[in-house]
$ cat run38.txt   # compact mmCIF, C-alpha atoms
# COMPACT_ATOMS: atom_id res chain seq x y z
CA MET A 1 243.48 -8.22 -166.60
CA ALA A 2 240.53 -7.66 -164.35
CA THR A 3 238.07 -7.35 -167.23
CA TRP A 4 238.66 -10.99 -168.13
CA THR A 5 237.78 -12.44 -164.73
CA TRP A 6 234.22 -13.21 -165.86
CA PHE A 7 235.68 -15.16 -168.77
CA HIS A 8 238.05 -17.15 -166.57
CA LYS A 9 235.27 -17.79 -164.08
CA LEU A 10 233.32 -19.40 -166.93
CA GLY A 11 236.07 -22.00 -167.05
CA SER A 12 235.24 -23.17 -163.56
CA PRO A 13 232.76 -26.09 -163.52
CA PRO A 14 231.28 -25.36 -160.05
CA HIS A 15 230.66 -21.76 -161.02
CA VAL A 16 228.99 -22.65 -164.32
CA TYR A 17 227.02 -25.45 -162.68
CA ARG A 18 225.57 -22.98 -160.17
CA ILE A 19 224.97 -20.19 -162.71
CA ALA A 20 223.23 -22.54 -165.16
CA GLY A 21 221.06 -23.88 -162.36
CA ARG A 22 220.07 -20.38 -161.31
CA PHE A 23 219.16 -19.17 -164.81
CA ALA A 24 217.50 -22.33 -166.12
CA PRO A 25 214.03 -21.77 -164.56
CA TRP A 26 213.90 -18.17 -165.81
CA PHE A 27 214.67 -19.28 -169.34
CA GLY A 28 212.26 -22.19 -169.09
CA TRP A 29 209.25 -20.24 -167.81
CA GLY A 30 210.02 -17.32 -170.12
CA ALA A 31 210.09 -19.71 -173.07
CA LEU A 32 206.77 -21.29 -172.06
CA LEU A 33 205.08 -17.88 -171.73
CA CYS A 34 206.44 -16.62 -175.05
CA ILE A 35 205.61 -19.80 -176.97
CA VAL A 36 202.07 -20.01 -175.58
CA TYR A 37 201.43 -16.35 -176.42
CA GLY A 38 203.20 -16.57 -179.78
CA LEU A 39 201.24 -19.66 -180.84
CA PHE A 40 197.93 -18.10 -179.81
CA GLY A 41 198.83 -14.84 -181.55
CA GLY A 42 200.09 -16.57 -184.66
CA LEU A 43 197.47 -19.27 -185.04
CA VAL A 44 194.39 -17.38 -183.79
CA LEU A 45 194.85 -13.61 -183.63
CA ALA A 46 196.90 -12.94 -186.77
CA PRO A 47 194.89 -12.48 -190.00
CA PRO A 48 195.33 -15.03 -192.81
CA ASP A 49 197.62 -14.21 -195.73
CA TYR A 50 195.93 -12.93 -198.91
CA GLN A 51 197.51 -15.66 -201.02
CA GLN A 52 198.36 -18.59 -198.79
CA LYS A 53 195.34 -18.23 -196.48
CA ASP A 54 195.94 -20.13 -193.24
CA ALA A 55 198.82 -22.16 -194.63
CA PHE A 56 201.18 -19.23 -194.03
CA ARG A 57 200.89 -19.86 -190.26
CA ILE A 58 203.56 -22.55 -190.47
CA ILE A 59 206.02 -19.63 -190.51
CA TYR A 60 205.46 -19.30 -186.74
CA VAL A 61 207.28 -22.60 -186.25
CA HIS A 62 209.37 -22.86 -189.40
CA ALA A 63 211.21 -19.51 -189.24
CA PRO A 64 212.10 -19.62 -185.51
CA ALA A 65 213.29 -23.23 -185.92
CA ALA A 66 215.47 -22.17 -188.87
CA TRP A 67 216.89 -19.25 -186.88
CA LEU A 68 217.67 -21.49 -183.91
CA SER A 69 219.29 -24.17 -186.06
CA LEU A 70 221.68 -21.50 -187.39
CA SER A 71 222.35 -19.66 -184.12
CA CYS A 72 222.86 -22.98 -182.29
CA TYR A 73 225.49 -24.00 -184.80
CA THR A 74 227.26 -20.65 -184.57
CA ALA A 75 227.27 -20.85 -180.76
CA MET A 76 228.54 -24.44 -180.99
CA ALA A 77 231.40 -23.39 -183.29
CA VAL A 78 232.37 -20.47 -181.05
CA ALA A 79 232.34 -22.75 -177.99
CA ALA A 80 234.43 -25.34 -179.86
CA PHE A 81 236.92 -22.64 -180.88
CA VAL A 82 237.23 -21.36 -177.30
CA GLY A 83 237.59 -24.95 -176.13
CA LEU A 84 240.43 -25.63 -178.55
CA VAL A 85 242.35 -22.39 -178.10
CA TRP A 86 241.92 -21.81 -174.36
CA ARG A 87 241.72 -25.53 -173.48
CA MET A 88 238.48 -24.78 -171.67
CA LYS A 89 236.66 -28.03 -170.93
CA ILE A 90 233.44 -26.24 -170.12
CA ALA A 91 233.37 -24.79 -173.62
CA HIS A 92 233.60 -28.28 -175.13
CA ALA A 93 230.84 -29.39 -172.78
CA ALA A 94 228.67 -26.49 -173.96
CA ALA A 95 229.29 -27.36 -177.62
CA ALA A 96 228.37 -30.98 -176.94
CA ALA A 97 225.24 -29.86 -175.10
CA LEU A 98 224.13 -27.64 -178.00
CA ALA A 99 224.46 -30.15 -180.84
CA PRO A 100 221.30 -32.26 -180.33
CA VAL A 101 219.20 -29.10 -179.78
CA GLY A 102 220.40 -27.56 -183.02
CA ALA A 103 219.95 -30.84 -184.88
CA SER A 104 216.34 -31.04 -183.70
CA PHE A 105 215.63 -27.50 -184.84
CA ALA A 106 217.24 -28.16 -188.23
CA PHE A 107 215.01 -31.22 -188.60
CA VAL A 108 211.87 -29.29 -187.58
CA CYS A 109 212.80 -26.58 -190.07
CA LEU A 110 213.19 -29.08 -192.93
CA ALA A 111 210.04 -31.03 -192.02
CA THR A 112 207.76 -27.99 -191.69
CA GLY A 113 209.21 -26.49 -194.86
CA SER A 114 208.48 -29.70 -196.72
CA LEU A 115 204.87 -29.76 -195.45
CA TRP A 116 204.41 -26.18 -196.64
CA GLY A 117 206.24 -26.70 -199.92
CA ARG A 118 203.90 -29.44 -201.11
CA PRO A 119 200.75 -27.25 -201.36
CA MET A 120 202.49 -23.91 -202.07
CA TRP A 121 205.32 -24.76 -204.44
CA GLY A 122 203.91 -28.06 -205.63
CA THR A 123 206.78 -30.19 -204.34
CA TRP A 124 207.96 -31.79 -201.11
CA TRP A 125 211.61 -31.33 -201.89
CA GLU A 126 213.79 -29.64 -204.48
CA TRP A 127 217.57 -29.48 -204.65
CA ASP A 128 217.79 -25.72 -204.57
CA ALA A 129 220.60 -23.89 -202.79
CA ARG A 130 218.67 -23.01 -199.61
CA LEU A 131 217.13 -26.44 -199.08
CA THR A 132 220.36 -28.27 -199.85
CA SER A 133 222.55 -26.12 -197.59
CA GLN A 134 220.05 -26.51 -194.73
CA LEU A 135 220.14 -30.30 -195.22
CA ILE A 136 223.95 -30.12 -195.05
CA LEU A 137 223.57 -28.28 -191.72
CA LEU A 138 221.54 -31.19 -190.35
CA PHE A 139 224.22 -33.61 -191.57
CA LEU A 140 226.93 -31.47 -189.93
CA TYR A 141 225.10 -31.74 -186.62
CA LEU A 142 224.67 -35.48 -187.03
CA GLY A 143 228.31 -35.85 -188.07
CA TYR A 144 229.43 -33.84 -185.04
CA MET A 145 227.45 -36.07 -182.69
CA ALA A 146 228.60 -39.26 -184.41
CA LEU A 147 232.23 -38.14 -184.23
CA ARG A 148 231.88 -37.45 -180.50
CA SER A 149 230.43 -40.83 -179.76
CA ALA A 150 233.06 -42.59 -181.88
CA HIS A 151 235.73 -41.71 -179.29
CA ASP A 152 236.02 -43.39 -175.91
CA ASP A 153 238.43 -40.78 -174.68
CA LEU A 154 236.56 -37.60 -173.78
CA GLN A 155 239.44 -35.26 -174.55
CA ARG A 156 239.92 -36.72 -178.03
CA ALA A 157 236.19 -36.54 -178.67
CA ASP A 158 236.20 -32.90 -177.61
CA ARG A 159 239.09 -31.90 -179.83
CA SER A 160 238.30 -33.77 -183.02
CA SER A 161 234.62 -32.85 -182.98
CA ALA A 162 235.55 -29.22 -182.27
CA VAL A 163 237.54 -29.08 -185.52
CA LEU A 164 234.50 -30.34 -187.42
CA ALA A 165 232.28 -27.75 -185.73
CA ILE A 166 234.68 -24.95 -186.69
CA VAL A 167 235.06 -26.11 -190.29
CA GLY A 168 231.29 -26.48 -190.72
CA VAL A 169 230.52 -22.95 -189.60
CA VAL A 170 231.22 -21.64 -193.13
CA ASN A 171 227.90 -23.22 -194.07
CA VAL A 172 225.99 -20.78 -191.85
CA PRO A 173 226.41 -17.66 -194.02
CA ILE A 174 225.95 -19.82 -197.11
CA ILE A 175 222.51 -20.88 -195.84
CA HIS A 176 221.51 -17.33 -195.01
CA TYR A 177 222.65 -15.77 -198.30
CA SER A 178 221.85 -18.73 -200.58
CA VAL A 179 218.57 -17.13 -201.66
CA TYR A 180 220.39 -13.96 -202.73
CA TRP A 181 223.52 -15.45 -204.28
CA TRP A 182 221.67 -17.89 -206.48
CA ASN A 183 218.31 -18.18 -208.16
CA SER A 184 216.44 -20.38 -205.75
CA LEU A 185 212.96 -21.71 -205.23
CA HIS A 186 212.96 -20.56 -201.61
CA GLN A 187 211.94 -16.94 -201.08
CA GLY A 188 214.16 -14.31 -199.47
CA ALA A 189 214.07 -13.29 -195.83
CA THR A 190 210.91 -11.69 -194.45
CA VAL A 191 212.27 -10.58 -191.06
CA MET A 192 216.02 -11.28 -190.89
CA LYS A 193 217.19 -8.47 -193.17
CA ALA A 194 218.31 -4.85 -192.94
CA ASP A 195 215.06 -3.61 -194.51
CA ARG A 196 211.73 -3.29 -192.79
CA PRO A 197 210.10 -6.75 -192.40
CA SER A 198 207.77 -7.53 -195.33
CA MET A 199 204.93 -8.28 -192.97
CA PRO A 200 202.30 -6.16 -191.18
CA THR A 201 202.58 -5.65 -187.41
CA GLU A 202 199.70 -7.93 -186.48
CA MET A 203 201.45 -10.86 -188.16
CA LEU A 204 204.95 -9.80 -187.13
CA VAL A 205 204.51 -9.42 -183.36
CA PRO A 206 203.57 -13.08 -182.69
CA LEU A 207 206.44 -14.14 -184.96
CA LEU A 208 208.96 -12.06 -183.00
CA VAL A 209 207.55 -13.44 -179.74
CA MET A 210 208.04 -16.95 -181.15
CA PHE A 211 211.64 -16.09 -182.05
CA LEU A 212 212.20 -14.94 -178.45
CA GLY A 213 210.39 -18.00 -177.07
CA PHE A 214 212.46 -20.45 -179.15
CA THR A 215 215.66 -18.66 -178.12
CA LEU A 216 214.75 -18.85 -174.42
CA PHE A 217 213.80 -22.50 -174.88
CA GLN A 218 217.19 -23.18 -176.41
CA LEU A 219 218.92 -21.43 -173.49
CA TRP A 220 216.86 -23.46 -171.03
CA VAL A 221 217.79 -26.73 -172.73
CA LEU A 222 221.42 -25.57 -172.90
CA CYS A 223 221.53 -24.86 -169.14
CA THR A 224 219.92 -28.19 -168.30
CA ARG A 225 222.06 -30.24 -170.67
CA LEU A 226 225.23 -28.39 -169.67
CA ARG A 227 224.57 -29.24 -166.02
CA ALA A 228 224.14 -32.88 -167.00
CA GLU A 229 227.41 -32.72 -168.98
CA ILE A 230 229.19 -31.22 -165.96
CA LEU A 231 227.77 -33.89 -163.64
CA ASP A 232 229.08 -36.54 -165.98
CA ARG A 233 232.53 -35.00 -166.48
CA GLU A 234 233.10 -34.01 -162.85
CA ARG A 235 231.60 -37.09 -161.23
CA ASN A 236 234.81 -37.71 -159.27
CA ALA A 237 235.45 -34.09 -158.31
CA ARG A 238 235.35 -33.13 -154.66
CA TRP A 239 233.28 -29.96 -155.15
CA LEU A 240 230.50 -31.97 -156.72
CA GLN A 241 230.41 -34.54 -153.94
CA GLU A 242 230.32 -31.75 -151.38
CA GLN A 243 227.57 -30.02 -153.27
CA LEU A 244 225.54 -33.19 -153.51
CA ARG A 245 226.04 -33.93 -149.83
CA GLU A 246 224.68 -30.47 -149.02
CA GLY A 247 221.67 -31.38 -151.11
CA ALA A 248 221.99 -28.41 -153.45
CA MET B 249 256.42 -11.29 -179.60
CA ALA B 250 256.87 -14.67 -177.97
CA MET B 251 254.37 -17.28 -179.08
CA THR B 252 252.72 -18.76 -176.04
CA PRO B 253 251.11 -22.16 -176.68
CA ARG B 254 247.70 -20.52 -176.45
CA ARG B 255 248.59 -17.89 -179.03
CA LYS B 256 249.91 -20.66 -181.29
CA ARG B 257 246.58 -22.49 -181.07
CA LEU B 258 244.74 -19.23 -181.72
CA VAL B 259 246.76 -18.67 -184.90
CA LEU B 260 246.42 -22.33 -185.93
CA PHE B 261 242.63 -22.62 -185.59
CA GLY B 262 242.13 -19.07 -186.79
CA SER B 263 243.95 -19.90 -190.00
CA VAL B 264 242.03 -23.20 -190.33
CA LEU B 265 238.81 -21.19 -190.23
CA LEU B 266 240.15 -18.59 -192.65
CA GLY B 267 241.39 -21.26 -195.06
CA VAL B 268 238.09 -23.10 -195.05
CA ALA B 269 236.19 -19.83 -195.55
CA ILE B 270 238.38 -18.85 -198.50
CA SER B 271 238.11 -22.26 -200.17
CA ALA B 272 234.34 -22.30 -199.64
CA GLY B 273 234.19 -18.85 -201.22
CA ILE B 274 236.24 -19.97 -204.22
CA ALA B 275 234.19 -23.15 -204.57
CA THR B 276 230.86 -21.29 -204.53
CA LEU B 277 232.20 -18.86 -207.15
CA ALA B 278 233.46 -21.73 -209.32
CA PHE B 279 230.15 -23.59 -209.14
CA ARG B 280 228.10 -20.43 -209.40
CA ASP B 281 226.28 -21.54 -212.53
CA ASN B 282 225.82 -25.15 -211.40
CA LEU B 283 224.22 -23.96 -208.20
CA GLN B 284 221.59 -21.89 -210.00
CA TYR B 285 218.26 -23.53 -209.49
CA PHE B 286 216.73 -21.87 -212.56
CA TYR B 287 217.55 -19.54 -215.48
CA ASN B 288 215.92 -16.18 -216.18
CA PRO B 289 214.19 -15.58 -219.54
CA SER B 290 217.03 -13.12 -220.40
CA GLU B 291 219.57 -15.91 -219.98
CA VAL B 292 217.43 -18.14 -222.20
CA ALA B 293 217.26 -15.38 -224.84
CA ALA B 294 221.04 -14.90 -224.66
CA GLY B 295 221.55 -18.62 -225.25
CA LYS B 296 223.21 -19.25 -221.90
CA VAL B 297 221.15 -22.36 -221.26
CA PRO B 298 222.49 -25.88 -221.92
CA ALA B 299 221.55 -26.76 -225.50
CA GLY B 300 219.31 -29.79 -225.95
CA LYS B 301 219.24 -30.50 -222.22
CA ARG B 302 216.61 -30.18 -219.53
CA PHE B 303 216.77 -27.06 -217.42
CA ARG B 304 214.53 -24.83 -215.34
CA VAL B 305 213.29 -21.41 -216.29
CA GLY B 306 211.75 -19.02 -213.77
CA GLY B 307 209.94 -15.72 -213.94
CA MET B 308 206.61 -13.99 -213.60
CA VAL B 309 203.51 -15.01 -215.56
CA PRO B 310 202.37 -11.80 -217.32
CA LYS B 311 198.73 -10.75 -217.34
CA GLY B 312 196.64 -12.21 -220.13
CA SER B 313 199.23 -14.78 -221.17
CA ILE B 314 197.49 -17.92 -219.91
CA HIS B 315 195.60 -19.89 -222.57
CA ARG B 316 194.06 -23.25 -221.84
CA GLU B 317 193.45 -25.66 -224.72
CA THR B 318 189.89 -26.95 -224.67
CA GLY B 319 189.48 -30.66 -224.08
CA SER B 320 192.94 -31.23 -222.63
CA LEU B 321 195.07 -30.34 -219.63
CA THR B 322 197.51 -28.38 -221.80
CA VAL B 323 198.14 -24.80 -220.75
CA ASN B 324 200.14 -22.29 -222.78
CA PHE B 325 201.55 -19.32 -220.96
CA GLU B 326 204.60 -17.07 -220.76
CA VAL B 327 207.15 -16.18 -218.13
CA THR B 328 208.98 -12.87 -218.14
CA ASP B 329 211.73 -11.09 -216.23
CA PHE B 330 210.44 -7.79 -217.71
CA GLU B 331 213.17 -7.84 -220.35
CA HIS B 332 212.62 -11.09 -222.21
CA THR B 333 209.80 -13.58 -222.36
CA VAL B 334 209.72 -17.34 -222.78
CA LYS B 335 206.68 -19.19 -224.13
CA ILE B 336 205.84 -22.29 -222.11
CA SER B 337 203.60 -25.22 -222.86
CA TYR B 338 202.65 -27.51 -220.01
CA SER B 339 200.29 -30.42 -219.68
CA GLY B 340 199.39 -31.45 -216.16
CA VAL B 341 198.18 -30.30 -212.79
CA LEU B 342 199.26 -26.79 -211.82
CA PRO B 343 200.06 -25.74 -208.22
CA ASP B 344 197.41 -23.74 -206.32
CA LEU B 345 199.40 -20.52 -206.47
CA PHE B 346 199.73 -20.64 -210.27
CA ARG B 347 198.08 -17.52 -211.67
CA GLU B 348 198.83 -14.36 -213.63
CA GLY B 349 201.25 -12.13 -211.76
CA GLN B 350 202.75 -15.10 -209.90
CA GLY B 351 206.39 -16.13 -209.96
CA ILE B 352 206.76 -19.70 -211.26
CA ILE B 353 209.52 -22.14 -212.16
CA ALA B 354 209.11 -24.59 -215.04
CA HIS B 355 211.28 -27.66 -215.66
CA GLY B 356 211.63 -28.99 -219.19
CA LYS B 357 213.26 -28.48 -222.59
CA LEU B 358 213.19 -25.99 -225.46
CA ASP B 359 211.66 -27.36 -228.66
CA ASN B 360 212.60 -26.37 -232.24
CA GLN B 361 210.15 -23.47 -232.29
CA GLY B 362 211.68 -21.97 -229.17
CA VAL B 363 208.73 -23.01 -227.01
CA PHE B 364 209.70 -24.36 -223.61
CA VAL B 365 207.91 -27.67 -223.13
CA ALA B 366 207.59 -28.17 -219.39
CA ASP B 367 206.81 -31.38 -217.52
CA GLU B 368 206.82 -29.75 -214.09
CA VAL B 369 205.62 -26.35 -212.93
CA LEU B 370 206.31 -25.04 -209.42
CA ALA B 371 204.99 -21.83 -207.88
CA LYS B 372 207.63 -19.58 -206.36
CA HIS B 373 206.41 -17.65 -203.38
CA ASP B 374 207.78 -14.24 -202.45
CA GLU B 375 208.71 -13.06 -198.97
CA LYS B 376 205.75 -10.69 -198.59
CA TYR B 377 202.86 -11.46 -196.30
CA MET B 378 199.68 -9.41 -195.89
CA PRO B 379 196.07 -9.85 -194.83
CA PRO B 380 193.41 -9.98 -197.60
CA GLU B 381 191.89 -6.59 -196.67
CA VAL B 382 195.24 -4.81 -197.00
CA ARG B 383 195.80 -6.47 -200.32
CA ASP B 384 192.32 -5.39 -201.55
CA SER B 385 192.84 -1.77 -200.58
CA LEU B 386 196.27 -1.81 -202.22
CA LYS B 387 194.68 -3.05 -205.41
CA LYS B 388 192.05 -0.26 -205.33
CA THR B 389 194.56 2.54 -204.82
CA HIS B 390 197.07 1.08 -207.32
CA THR B 391 200.05 1.66 -205.08
CA PRO B 392 203.10 1.16 -207.28
CA ASP B 393 204.88 -1.23 -204.92
CA ALA B 394 201.85 -3.47 -204.53
CA PRO B 395 202.20 -6.85 -206.22
CA ALA B 396 200.76 -7.00 -209.72
CA PRO B 397 197.02 -7.68 -209.62
CA ALA B 398 196.47 -11.38 -209.92
CA ALA B 399 193.44 -13.13 -211.35
CA GLY B 400 191.61 -15.22 -208.81
CA ALA B 401 193.40 -13.73 -205.80
CA ASN B 402 190.05 -13.19 -204.12
CA GLN B 403 188.64 -16.65 -204.39
CA SER B 404 187.94 -18.08 -200.99
$ encode --input "run38.txt" --output "C-alpha cells"
Amino acid sequence: MATWTWFHKLGSPPHVYRIAGRFAPWFGWGALLCIVYGLFGGLVLAPPDYQQKDAFRIIYVHAPAAWLSLSCYTAMAVAAFVGLVWRMKIAHAAAAALAPVGASFAFVCLATGSLWGRPMWGTWWEWDARLTSQLILLFLYLGYMALRSAHDDLQRADRSSAVLAIVGVVNVPIIHYSVYWWNSLHQGATVMKADRPSMPTEMLVPLLVMFLGFTLFQLWVLCTRLRAEILDRERNARWLQEQLREGA
Amino acid sequence: MAMTPRRKRLVLFGSVLLGVAISAGIATLAFRDNLQYFYNPSEVAAGKVPAGKRFRVGGMVPKGSIHRETGSLTVNFEVTDFEHTVKISYSGVLPDLFREGQGIIAHGKLDNQGVFVADEVLAKHDEKYMPPEVRDSLKKTHTPDAPAPAAGANQS
C-alpha cells in the first residue's frame, strides 16, 4: 500500500535521524519566539484578574505544563504501542526520548500549582482527585524510566517499559475529567473544553501562544533526544559511520 | 483471516489496553463516593455523610451570612448549593479569597445542633478569569451570568 510508505519510512533510523535534524532548529527557534512573546504578554500586557490579582499569572506556566505532561504521555503510549505491535525500534526510541520531558512538565505543573494553591486555596497540597491523579502521572513517568534503566538488554527494556506506558495511559482521561466526575478542590478547565474559554481575549492570546511555545519546545527536545537515542542504538551501523565521516 | 504475528500482537496489546480501561472504569465507579473530595449541603441534609466522622462540605457562602464573634477568631457562616444550607462555625485564619459569594470547602464534624464545626477552611476558585474593569461593569449592569457580587472584591 503506497499510502503507508511514509509510515514505513519512519521505521528507518537514517531517515528519522535526518528528518529530526532538519526540523529541530525550526521547532527550537519557534518555541523561543513563542515563549518570549507569551511570557511578555502574560506577565506584562495581560490585565490582572479581578479576584486573584497578579497571582493568576502562574496559569501561563502551569496550564501549558499540565497540557504537555498529558500530551507527552499520550504520545509516549502511542509510540510504545506502535513499537510493540510493529516491532519498530524507532518508536521505542521515541517513547524513551519523551519520558523525561513529560516527567519534567508534570513536576513543573505540580510545583507551580502548589505555589498558587497556598495563597488561593489556603493549602499547599490536598488529596483531591485532580491533584492525586496528576501525582500518579509523575510516578508513572518515573516508573517508566526506572523500569527502562533496570534492564541491561535494550530490547527487553523497550518491551517491558512499553507495556507500562500503555497500561498507564488510562490515567490521562482520568486526570482531564477528574474535576467533572468528582467534587474536587481544583477548578474545571478554562481553555481545554468544548465551550468558549472562560477568559477574555487579552488574557487568552498569551496563554494560547504559551501552549504553542511549550508544544514546539517539546518537539524540539524530542528531535534532539531522539537523535541522541539513535546515535546510541545505531553506533555500530554502517550508515551512521558513513554519515559521520561525511561530517553531516 | 489468517493471523499474522503482527495482527496477533495488535489484538493482544489492544485487548490489554481495553481490559485496563474497563477495569479502571469499574474501579472509579466503585470508589465514586470515596473519591469525592467534599459533600454538597444537599447530601448533608439527606444524611449521606458519614455519621460522627470528619468530612468536608463545600458550597457557596451566601450574602449576609458571615458573622464574626467579637473578641475571638470565631466566624459563623453558611454554605449553600442553592437547595440546602449548612451552618458552619470556624475559628482560625481564613484564606484570602474567603468572602460572600465565594465557593469554599470546610473540613470538620457536625455537632449535636447540626452545626458543622470546621477546623480548616479552603477557598475553591472557579475557572473564570476577568480583568477588574470588566468585573465592575458586569456588577453595574447586573448581567445574570456574572458571578454573585462579593463583598470586598474591590479592595486593592
$ atom_distance --input "run38.txt" --atom1 "atom CA of A:Thr112" --atom2 "atom CA of A:Ile59"
8.6 Å
$ residues_around --input "run38.txt" --residues "A:Ala228" --least-positions-apart "2" --cutoff "12 Å" --atoms "all atoms listed in the file" --output "list of chain:residue names"
A:Pro13, A:Val16, A:Tyr17, A:Ala20, A:Gly21, A:Ile90, A:Ala93, A:Ala94, A:Ala96, A:Ala97, A:Val221, A:Leu222, A:Cys223, A:Thr224, A:Arg225, A:Leu226, A:Ile230, A:Leu231, A:Asp232, A:Arg233, A:Glu234, A:Arg235
$ interface_residues --input "run38.txt" --of "chain A" --to "chain B" --cutoff "10 Å" --atoms "only C-alpha atoms" --output "ChimeraX atom specification"
/A:46-53,56,81-82,84-87,117-123,126-130,163,166-171,174,178,181-191,197-204
$ atom_distance --input "run38.txt" --atom1 "atom CA of B:Val363" --atom2 "atom CA of B:Gly319"
20.9 Å
$ closest_residue --input "run38.txt" --among "B:Ser385, B:Ser313, B:Asn324, B:Ser337" --to "B:Gln350" --atoms "all atoms listed in the file"
B:Ser313
$ atom_distance --input "run38.txt" --atom1 "atom CA of A:Leu32" --atom2 "atom CA of A:Phe217"
7.7 Å
$ residues_near_point --input "run38.txt" --point "(195.4, -19.3, -183.6)" --cutoff "12 Å" --atoms "only C-alpha atoms" --output "PDB file with C-alpha atoms, in the coordinates of the input"
ATOM      1  CA  VAL A  36     202.070 -20.010-175.580  1.00  0.00           C
ATOM      2  CA  TYR A  37     201.430 -16.350-176.420  1.00  0.00           C
ATOM      3  CA  GLY A  38     203.200 -16.570-179.780  1.00  0.00           C
ATOM      4  CA  LEU A  39     201.240 -19.660-180.840  1.00  0.00           C
ATOM      5  CA  PHE A  40     197.930 -18.100-179.810  1.00  0.00           C
ATOM      6  CA  GLY A  41     198.830 -14.840-181.550  1.00  0.00           C
ATOM      7  CA  GLY A  42     200.090 -16.570-184.660  1.00  0.00           C
ATOM      8  CA  LEU A  43     197.470 -19.270-185.040  1.00  0.00           C
ATOM      9  CA  VAL A  44     194.390 -17.380-183.790  1.00  0.00           C
ATOM     10  CA  LEU A  45     194.850 -13.610-183.630  1.00  0.00           C
ATOM     11  CA  ALA A  46     196.900 -12.940-186.770  1.00  0.00           C
ATOM     12  CA  PRO A  47     194.890 -12.480-190.000  1.00  0.00           C
ATOM     13  CA  PRO A  48     195.330 -15.030-192.810  1.00  0.00           C
ATOM     14  CA  ASP A  54     195.940 -20.130-193.240  1.00  0.00           C
ATOM     15  CA  ALA A  55     198.820 -22.160-194.630  1.00  0.00           C
ATOM     16  CA  PHE A  56     201.180 -19.230-194.030  1.00  0.00           C
ATOM     17  CA  ARG A  57     200.890 -19.860-190.260  1.00  0.00           C
ATOM     18  CA  ILE A  58     203.560 -22.550-190.470  1.00  0.00           C
ATOM     19  CA  TYR A  60     205.460 -19.300-186.740  1.00  0.00           C
ATOM     20  CA  MET A 203     201.450 -10.860-188.160  1.00  0.00           C
ATOM     21  CA  PRO A 206     203.570 -13.080-182.690  1.00  0.00           C
TER      22      PRO A 206
END
